[in-house]
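A.B. asks: Hey, dropping start.cif in here, mmCIF, C-alpha atoms and all ligand atoms:
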```cif
data_start
#
loop_
_atom_site.label_atom_id
_atom_site.label_comp_id
_atom_site.auth_asym_id
_atom_site.auth_seq_id
_atom_site.Cartn_x
_atom_site.Cartn_y
_atom_site.Cartn_z
CA MET A 14 87.30 64.02 182.15
CA ILE A 15 91.07 63.92 182.10
CA LYS A 16 93.09 64.38 185.27
CA PHE A 17 96.60 65.79 185.54
CA PHE A 18 99.17 65.81 188.36
CA LYS A 19 97.61 62.55 189.52
CA ASP A 20 100.40 61.84 191.98
CA LYS A 21 99.81 65.12 193.82
CA LYS A 22 97.31 64.74 196.62
CA SER A 23 97.19 68.44 197.46
CA ILE A 24 95.61 69.54 194.19
CA LEU A 25 92.94 68.59 191.70
CA ALA A 26 93.70 69.42 188.06
CA MET A 27 91.49 68.31 185.21
CA MET A 28 89.85 69.06 181.91
CA SER A 29 86.30 68.23 180.87
CA GLU A 30 85.69 66.30 177.67
CA ARG A 31 83.08 66.53 174.95
CA LYS A 32 80.86 64.04 176.76
CA ASP A 33 80.70 66.37 179.76
CA GLY A 34 79.02 68.94 177.50
CA SER A 35 80.05 72.45 176.57
CA MET A 36 81.27 74.61 179.44
CA LYS A 37 80.83 77.97 177.75
CA LEU A 38 80.98 80.81 180.25
CA LEU A 39 79.66 84.36 180.47
CA GLU A 40 76.03 85.13 179.71
CA ASP A 41 75.31 81.74 178.30
CA ASP A 42 72.61 80.18 180.42
CA LEU A 43 72.27 77.10 178.24
CA ASN A 44 75.39 75.53 179.61
CA VAL A 45 75.03 76.29 183.29
CA GLU A 46 73.81 72.77 183.87
CA ASN A 47 76.91 71.21 182.30
CA ARG A 48 79.12 73.30 184.52
CA SER A 49 77.14 72.52 187.66
CA ASN A 50 77.26 68.82 186.89
CA PHE A 51 80.99 69.00 186.32
CA PHE A 52 81.56 70.78 189.63
CA VAL A 53 79.32 68.37 191.54
CA LYS A 54 81.10 65.39 189.98
CA ASN A 55 84.36 66.77 191.29
CA GLY A 56 83.03 67.78 194.69
CA ILE A 57 83.62 71.48 193.99
CA ASP A 58 81.54 74.33 195.39
CA LYS A 59 80.91 76.73 192.50
CA GLU A 60 81.44 79.72 194.80
CA ASN A 61 84.99 78.48 195.07
CA VAL A 62 85.61 78.57 191.31
CA PHE A 63 87.28 81.60 189.70
CA MET A 64 87.20 81.93 185.95
CA ALA A 65 89.24 83.96 183.51
CA GLY A 66 87.23 86.10 181.09
CA MET A 67 89.71 85.32 178.29
CA ILE A 68 90.34 87.74 175.46
CA HIS A 69 93.32 86.04 173.72
CA ASP A 70 95.73 88.46 175.33
CA SER A 71 98.49 88.09 177.90
CA LYS A 72 97.24 89.49 181.20
CA VAL A 73 97.28 87.35 184.32
CA ALA A 74 95.38 87.85 187.59
CA ILE A 75 96.42 86.85 191.08
CA VAL A 76 93.25 85.49 192.60
CA ASP A 77 92.07 85.16 196.19
CA LYS A 78 88.80 84.28 197.88
CA ASN A 79 87.63 87.90 197.62
CA SER A 80 88.11 88.09 193.86
CA PRO A 81 85.03 88.15 191.62
CA ASN A 82 84.14 84.69 190.30
CA LEU A 83 84.58 85.90 186.74
CA ILE A 84 87.75 87.89 186.19
CA GLU A 85 87.44 89.91 183.02
CA GLY A 86 90.28 90.81 180.70
CA VAL A 87 92.73 88.08 181.69
CA ASP A 88 93.77 84.79 180.10
CA ALA A 89 95.49 83.20 183.08
CA LEU A 90 94.96 82.97 186.82
CA VAL A 91 97.31 82.14 189.69
CA SER A 92 96.65 81.70 193.40
CA LYS A 93 97.99 80.55 196.73
CA GLU A 94 94.58 79.94 198.23
CA LYS A 95 92.39 76.86 198.48
CA ILE A 96 90.27 77.75 195.49
CA PHE A 97 89.74 76.52 191.95
CA LEU A 98 90.94 78.40 188.88
CA ALA A 99 89.36 77.79 185.49
CA VAL A 100 89.69 78.64 181.82
CA THR A 101 87.86 77.15 178.86
CA VAL A 102 89.41 75.81 175.68
CA ALA A 103 88.57 74.34 172.30
CA ASP A 104 91.92 74.08 170.43
CA CYS A 105 93.78 76.64 172.56
CA VAL A 106 96.18 74.89 174.92
CA PRO A 107 95.25 74.63 178.61
CA VAL A 108 98.46 75.08 180.57
CA TYR A 109 98.52 73.99 184.23
CA PHE A 110 101.12 75.24 186.70
CA TYR A 111 101.95 73.93 190.14
CA ASP A 112 104.66 74.81 192.64
CA GLU A 113 104.13 72.07 195.17
CA LYS A 114 106.64 73.34 197.71
CA ASN A 115 105.16 76.82 197.84
CA LYS A 116 101.59 75.67 197.15
CA ILE A 117 100.94 77.94 194.21
CA ILE A 118 98.61 77.01 191.37
CA GLY A 119 97.99 78.52 187.97
CA VAL A 120 96.16 77.89 184.73
CA ALA A 121 96.49 79.64 181.39
CA HIS A 122 94.43 79.72 178.21
CA ALA A 123 97.14 79.68 175.56
CA GLY A 124 96.15 80.25 171.95
CA TRP A 125 98.56 81.55 169.33
CA LYS A 126 97.83 85.18 170.16
CA GLY A 127 98.39 84.78 173.88
CA ILE A 128 101.46 82.62 173.32
CA THR A 129 103.10 85.19 171.04
CA LYS A 130 102.10 88.04 173.35
CA GLY A 131 103.68 86.41 176.41
CA ILE A 132 100.94 84.71 178.41
CA ILE A 133 103.31 81.93 179.51
CA LYS A 134 106.04 84.25 180.78
CA ASN A 135 103.50 86.52 182.43
CA THR A 136 101.92 83.60 184.28
CA LEU A 137 105.32 82.44 185.51
CA ASP A 138 106.18 85.99 186.60
CA LYS A 139 103.05 86.10 188.74
CA ILE A 140 103.84 82.72 190.29
CA ILE A 141 107.29 84.00 191.21
CA GLN A 142 105.69 87.17 192.56
CA LEU A 143 103.58 84.98 194.87
CA GLY A 144 106.73 83.35 196.21
CA GLY A 145 107.17 80.56 193.70
CA ASP A 146 110.51 79.15 192.63
CA PHE A 147 111.16 78.25 188.99
CA GLY A 148 113.05 75.17 190.13
CA ASN A 149 109.87 73.83 191.72
CA ILE A 150 107.29 74.83 189.15
CA GLU A 151 105.77 71.90 187.31
CA VAL A 152 103.82 72.45 184.12
CA VAL A 153 101.36 70.33 182.18
CA LEU A 154 100.21 71.17 178.66
CA GLY A 155 96.79 69.58 178.19
CA PRO A 156 95.15 68.59 174.89
CA GLY A 157 94.94 71.27 172.21
CA ILE A 158 95.37 71.72 168.51
CA GLN A 159 98.68 70.14 167.50
CA LYS A 160 101.02 70.90 164.64
CA CYS A 161 99.23 68.31 162.46
CA HIS A 162 96.21 70.62 162.29
CA PHE A 163 97.20 74.10 163.38
CA GLU A 164 97.45 75.69 159.98
CA ILE A 165 98.10 79.38 159.51
CA LYS A 166 98.10 81.68 156.53
CA GLU A 167 100.98 83.78 155.29
CA ASP A 168 99.56 86.91 156.97
CA ILE A 169 100.55 85.87 160.49
CA VAL A 170 103.81 84.00 159.82
CA ASP A 171 105.64 87.08 161.07
CA LYS A 172 104.18 86.64 164.55
CA PHE A 173 106.24 83.47 164.90
CA LYS A 174 109.56 84.85 163.66
CA LYS A 175 111.18 84.22 167.05
CA TYR A 176 110.35 80.53 166.68
CA PRO A 177 111.35 79.46 163.17
CA GLN A 178 111.92 75.85 164.22
CA PHE A 179 108.22 75.55 165.12
CA VAL A 180 106.87 76.84 161.82
CA ILE A 181 106.42 73.99 159.36
CA PHE A 182 106.11 74.59 155.63
CA LYS A 183 104.43 71.61 153.99
CA LYS A 184 103.77 71.91 150.26
CA ASP A 185 101.69 75.07 149.98
CA LYS A 186 100.58 75.01 153.62
CA ILE A 187 101.99 76.41 156.83
CA PHE A 188 101.60 74.75 160.22
CA VAL A 189 102.72 75.92 163.66
CA ASP A 190 103.71 73.80 166.63
CA LEU A 191 102.17 75.78 169.49
CA PHE A 192 103.13 73.10 172.01
CA GLY A 193 106.74 73.35 170.90
CA ILE A 194 106.71 77.11 171.34
CA ILE A 195 105.18 76.91 174.82
CA LYS A 196 107.76 74.33 175.87
CA ARG A 197 110.56 76.49 174.46
CA GLN A 198 109.27 79.48 176.45
CA LEU A 199 109.11 77.40 179.63
CA LEU A 200 112.66 76.17 179.16
CA ASP A 201 113.83 79.72 178.43
CA TYR A 202 112.34 80.67 181.78
CA LYS A 203 114.46 77.91 183.34
CA ILE A 204 111.60 75.57 184.09
CA LYS A 205 113.20 72.14 184.28
CA ASN A 206 112.65 69.85 181.35
CA ARG A 207 111.66 67.02 183.67
CA ASN A 208 109.01 69.26 185.18
CA ILE A 209 107.25 69.80 181.87
CA SER A 210 104.69 67.34 180.60
CA VAL A 211 103.18 67.74 177.14
CA SER A 212 99.98 66.12 175.89
CA LYS A 213 100.16 64.48 172.47
CA GLU A 214 96.41 64.71 172.02
CA CYS A 215 95.02 66.85 169.23
CA THR A 216 91.59 68.37 169.83
CA PHE A 217 91.01 68.77 166.08
CA GLU A 218 91.77 65.14 165.42
CA ASP A 219 89.81 63.44 168.17
CA ALA A 220 86.25 64.52 167.50
CA LYS A 221 84.79 61.91 169.83
CA ARG A 222 86.61 63.24 172.81
CA TYR A 223 87.07 66.97 172.25
CA PHE A 224 85.40 70.08 170.98
CA SER A 225 87.46 71.85 168.34
CA TYR A 226 86.61 75.35 167.22
CA ARG A 227 88.52 74.98 163.98
CA ARG A 228 87.02 71.66 163.10
CA ASP A 229 83.40 72.28 164.12
CA LYS A 230 83.10 76.03 163.48
CA PRO A 231 79.95 75.94 165.62
CA GLU A 232 77.46 78.77 165.63
CA ARG A 233 77.50 78.62 169.40
CA VAL A 234 81.04 78.09 170.68
CA GLU A 235 81.50 74.76 172.47
CA VAL A 236 84.32 74.49 174.95
CA MET A 237 85.95 72.28 177.54
CA MET A 238 86.81 73.49 181.01
CA ALA A 239 90.36 73.31 182.36
CA MET A 240 90.60 73.64 186.14
CA ILE A 241 93.16 73.45 188.86
CA GLY A 242 92.52 73.81 192.58
CA LEU A 243 94.31 73.52 195.88
CA LYS A 244 92.50 71.16 198.21
ZN ZN B 301 95.85 67.14 164.71
#
```
Can you give me the file's structure in the form of structure tokens?

C.D. replies:
Amino acid sequence: MIKFFKDKKSILAMMSERKDGSMKLLEDDLNVENRSNFFVKNGIDKENVFMAGMIHDSKVAIVDKNSPNLIEGVDALVSKEKIFLAVTVADCVPVYFYDEKNKIIGVAHAGWKGITKGIIKNTLDKIIQLGGDFGNIEVVLGPGIQKCHFEIKEDIVDKFKKYPQFVIFKKDKIFVDLFGIIKRQLLDYKIKNRNISVSKECTFEDAKRYFSYRRDKPERVEVMMAMIGLK
């Protein structure tokens, strides 16, 4: 398990690793045990965990204690309450948000589709809507597929036309720096550079530590859980 925002006593933010087992959600009973173990290890009551359904789109939900534990149709969650928000990832970038002054948390599942459709901006908009201040918002980009391995084909190059500096043409291949694009979007939203922390870890590269959808192409999707909660 990797922890983020370690200096902040008021929240717990972390991501499971391969050794914690797959955290696949929805109607997948096989992995319930992995999730339970992960929650127990972190002293979290599962009733207090709210998960995004995740459809690689850009909708964000504001969550409170009365929300359903699984929130369908969204790829990011934000809250002001003492609850845990979760998404799962396996190459997509887990993005953690915290406004310490206003005690607002958020987490986004950011794959290329969500990133190009505006999941980052939409999450920030909801944090502001809850009373957040962009000057206070701190953001951590956890491990995901980095530009060394995120290869795309010609057919979707157009989707990145707003970000030419993050599209890398190498011989006959095309790679995209998703982390670079997310950071650019955060800076465009006036999040302070010093408040943005970016993981260098590549899920594709480190097979011991991470699941990677692109690398493993598993029959049954294996994923890590990214969570943030106010204590
Ligand atoms: Zn890589």

A.B. asks: Quick one: residues within 6 Å of Leu98 of chain A, all atoms listed in the file, excluding same-chain residues fewer than 3 positions away - as a PyMOL selection string?

C.D. replies: chain A and resi 62-64+240-241

A.B. asks: Residues at most 8 Å from Phe17 of chain A, counting only C-alpha atoms, excluding those fewer than 5 positions away in the same chain, as a list in words?

C.D. replies: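 That gives Leu25, Ala26, Met27 and Val153 of chain A.
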
A.B. asks: Write out as a VMD selection string which residues come within 12 Å of segment 78-83 of chain A when counting all atoms listed in the file, dropping same-chain ones fewer than 6 positions away.

C.D. replies: chain A and resid 38 to 40 58 to 67 89 to 100

A.B. asks: Please determine, counting all atoms listed in the file, which residue among A:Asp104, A:Asp146, A:Glu113, A:Asp70 has the shortest atom-to-atom distance to ligand ZN 301 (chain B).

C.D. replies: A:Asp104

A.B. asks: Residues contacting ligand ZN 301 (chain B) - anything with an atom at most 9 Å away, using all atoms listed in the file - can you give me those as a list in words?

C.D. replies: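 Within the 9 Å cut-off, the matching residues are Gly157, Ile158, Gln159, Lys160, Cys161, His162, Phe163, Glu214, Cys215, Thr216, Phe217, Glu218 and Asp219 of chain A.
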
A.B. asks: One decimal, Å: what's the distance from atom CA of Tyr226 of chain A over to atom CA of Lys175 of chain A, could you say?

C.D. replies: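 So the answer is 26.1 Å.
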
A.B. asks: Kindly give the distance, in Å, that separates atom CA of Glu46 of chain A and atom CA of Ala123 of chain A, rounded to a single decimal.

C.D. replies: 25.7 Å

A.B. asks: So which one's closest to Gln198 of chain A, A:Ile181, A:Ile128, A:Ala103, A:Met36? Using only C-alpha atoms, please.

C.D. replies: A:Ile128

A.B. asks: Centre and edge lengths, as lines of an AutoDock Vina configuration file, for the axis-aligned box enclosing every listed atom of segment 114-118 of chain A with 4 Å of padding on each of the six sides, in Å to one decimal?

C.D. replies:
```
center_x = 102.6
center_y = 75.6
center_z = 194.6
size_x = 16.0
size_y = 12.6
size_z = 14.5
```

A.B. asks: Mind pulling up the distance from atom CA of Val152 of chain A to atom CA of Lys205 of chain A?

C.D. replies: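 Going from atom CA of Lys205 of chain A over to atom CA of Val152 of chain A covers 9.4 Å.
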
A.B. asks: Fewer than 5 positions away in the same chain doesn't count, so skip those; otherwise give me all residues within 12 Å of Glu167 of chain A, counting only C-alpha atoms, as a list of chain:residue names.

C.D. replies: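 Those residues are A:Lys172, A:Phe173, A:Val180, A:Ile181, A:Phe182, A:Asp185, A:Lys186, A:Ile187, A:Phe188, A:Val189.
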
A.B. asks: Excluding same-chain residues fewer than 2 positions from Val73 of chain A, what lies within 8 Å of it counting all atoms listed in the file, as a list in words?

C.D. replies: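 What passes the distance filter is Ser71, Ile75, Val87, Asp88, Ala89, Leu90, Val91, Ile132, Asn135, Thr136 and Lys139 of chain A.
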
A.B. asks: Those selected residues, please, written with C-alpha atoms and delivered as a short mmCIF file (atom, residue, chain, number, x, y, z; two decimals), in the frame of the given file.

C.D. replies:
```cif
data_model
loop_
_atom_site.label_atom_id
_atom_site.label_comp_id
_atom_site.auth_asym_id
_atom_site.auth_seq_id
_atom_site.Cartn_x
_atom_site.Cartn_y
_atom_site.Cartn_z
CA SER A 71 98.49 88.09 177.90
CA ILE A 75 96.42 86.85 191.08
CA VAL A 87 92.73 88.08 181.69
CA ASP A 88 93.77 84.79 180.10
CA ALA A 89 95.49 83.20 183.08
CA LEU A 90 94.96 82.97 186.82
CA VAL A 91 97.31 82.14 189.69
CA ILE A 132 100.94 84.71 178.41
CA ASN A 135 103.50 86.52 182.43
CA THR A 136 101.92 83.60 184.28
CA LYS A 139 103.05 86.10 188.74
#
```

A.B. asks: Within 8 Å of (103.4, 82.6, 172.7), only C-alpha atoms: residues as a list in words?

C.D. replies: Ala123, Gly124, Trp125, Lys126, Gly127, Ile128, Thr129, Lys130, Gly131, Ile132, Ile133, Leu191, Ile194, Ile195 and Gln198 of chain A

A.B. asks: Between A:Val45, A:Leu200, A:Met14, A:Ile117, which is the closest to Glu30 of chain A once you count all atoms listed in the file?

C.D. replies: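 That would be A:Met14, the residue with the smallest distance to Glu30 of chain A.
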
A.B. asks: Tell me which residues come within 8 Å of (110.0, 73.2, 190.7), as a count of residues only, counting all atoms listed in the file in the file's coordinates.

C.D. replies: 12

A.B. asks: Which of these, A:Phe52, A:Cys105, A:Ser29, A:Leu143, has the shortest distance to Ala74 of chain A once you count all atoms listed in the file?

C.D. replies: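 Between A:Phe52, A:Cys105, A:Ser29, A:Leu143, the residue approaching Ala74 of chain A most closely is A:Leu143.
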
A.B. asks: Can you fill out segment 56-75 of chain A with N, CA, C and O atoms and hand it back as a CSV table (one decimal), in the coordinates of the input?

C.D. replies:
```
chain,number,residue,atom,x,y,z
A,56,GLY,N,83.1,67.4,193.3
A,56,GLY,CA,83.0,67.8,194.7
A,56,GLY,C,83.5,69.2,194.9
A,56,GLY,O,84.0,69.6,196.0
A,57,ILE,N,83.2,70.1,193.9
A,57,ILE,CA,83.6,71.5,194.0
A,57,ILE,C,82.4,72.4,194.2
A,57,ILE,O,81.4,72.3,193.5
A,58,ASP,N,82.6,73.3,195.2
A,58,ASP,CA,81.5,74.3,195.4
A,58,ASP,C,81.7,75.4,194.4
A,58,ASP,O,82.8,76.0,194.3
A,59,LYS,N,80.7,75.8,193.6
A,59,LYS,CA,80.9,76.7,192.5
A,59,LYS,C,81.3,78.1,193.0
A,59,LYS,O,82.0,78.9,192.3
A,60,GLU,N,81.0,78.4,194.2
A,60,GLU,CA,81.4,79.7,194.8
A,60,GLU,C,83.0,79.8,194.9
A,60,GLU,O,83.6,80.8,195.1
A,61,ASN,N,83.5,78.6,194.9
A,61,ASN,CA,85.0,78.5,195.1
A,61,ASN,C,85.7,78.4,193.7
A,61,ASN,O,86.9,78.1,193.7
A,62,VAL,N,85.0,78.6,192.6
A,62,VAL,CA,85.6,78.6,191.3
A,62,VAL,C,85.8,80.0,190.7
A,62,VAL,O,84.8,80.8,190.7
A,63,PHE,N,87.0,80.3,190.3
A,63,PHE,CA,87.3,81.6,189.7
A,63,PHE,C,87.7,81.4,188.2
A,63,PHE,O,88.6,80.6,187.9
A,64,MET,N,87.0,82.1,187.4
A,64,MET,CA,87.2,81.9,186.0
A,64,MET,C,87.8,83.1,185.3
A,64,MET,O,87.4,84.3,185.6
A,65,ALA,N,88.6,82.9,184.3
A,65,ALA,CA,89.2,84.0,183.5
A,65,ALA,C,88.3,84.3,182.4
A,65,ALA,O,87.7,83.5,181.8
A,66,GLY,N,88.1,85.6,182.1
A,66,GLY,CA,87.2,86.1,181.1
A,66,GLY,C,87.7,85.8,179.7
A,66,GLY,O,87.0,85.5,178.8
A,67,MET,N,89.0,85.8,179.5
A,67,MET,CA,89.7,85.3,178.3
A,67,MET,C,89.4,86.2,177.1
A,67,MET,O,88.3,86.2,176.5
A,68,ILE,N,90.5,86.9,176.7
A,68,ILE,CA,90.3,87.7,175.5
A,68,ILE,C,91.5,87.5,174.5
A,68,ILE,O,91.8,88.4,173.7
A,69,HIS,N,92.2,86.4,174.6
A,69,HIS,CA,93.3,86.0,173.7
A,69,HIS,C,94.4,87.1,173.8
A,69,HIS,O,95.0,87.5,172.9
A,70,ASP,N,94.7,87.5,175.1
A,70,ASP,CA,95.7,88.5,175.3
A,70,ASP,C,96.7,87.8,176.4
A,70,ASP,O,96.7,86.6,176.5
A,71,SER,N,97.4,88.7,177.1
A,71,SER,CA,98.5,88.1,177.9
A,71,SER,C,98.5,88.5,179.4
A,71,SER,O,99.4,88.4,180.1
A,72,LYS,N,97.3,89.1,179.8
A,72,LYS,CA,97.2,89.5,181.2
A,72,LYS,C,96.9,88.3,182.1
A,72,LYS,O,96.1,87.4,181.7
A,73,VAL,N,97.4,88.4,183.3
A,73,VAL,CA,97.3,87.4,184.3
A,73,VAL,C,96.8,88.0,185.6
A,73,VAL,O,97.3,89.1,186.0
A,74,ALA,N,95.9,87.3,186.3
A,74,ALA,CA,95.4,87.8,187.6
A,74,ALA,C,95.8,86.9,188.7
A,74,ALA,O,95.8,85.7,188.6
A,75,ILE,N,96.2,87.6,189.8
A,75,ILE,CA,96.4,86.8,191.1
A,75,ILE,C,95.1,86.8,191.8
A,75,ILE,O,94.4,87.9,191.9
```
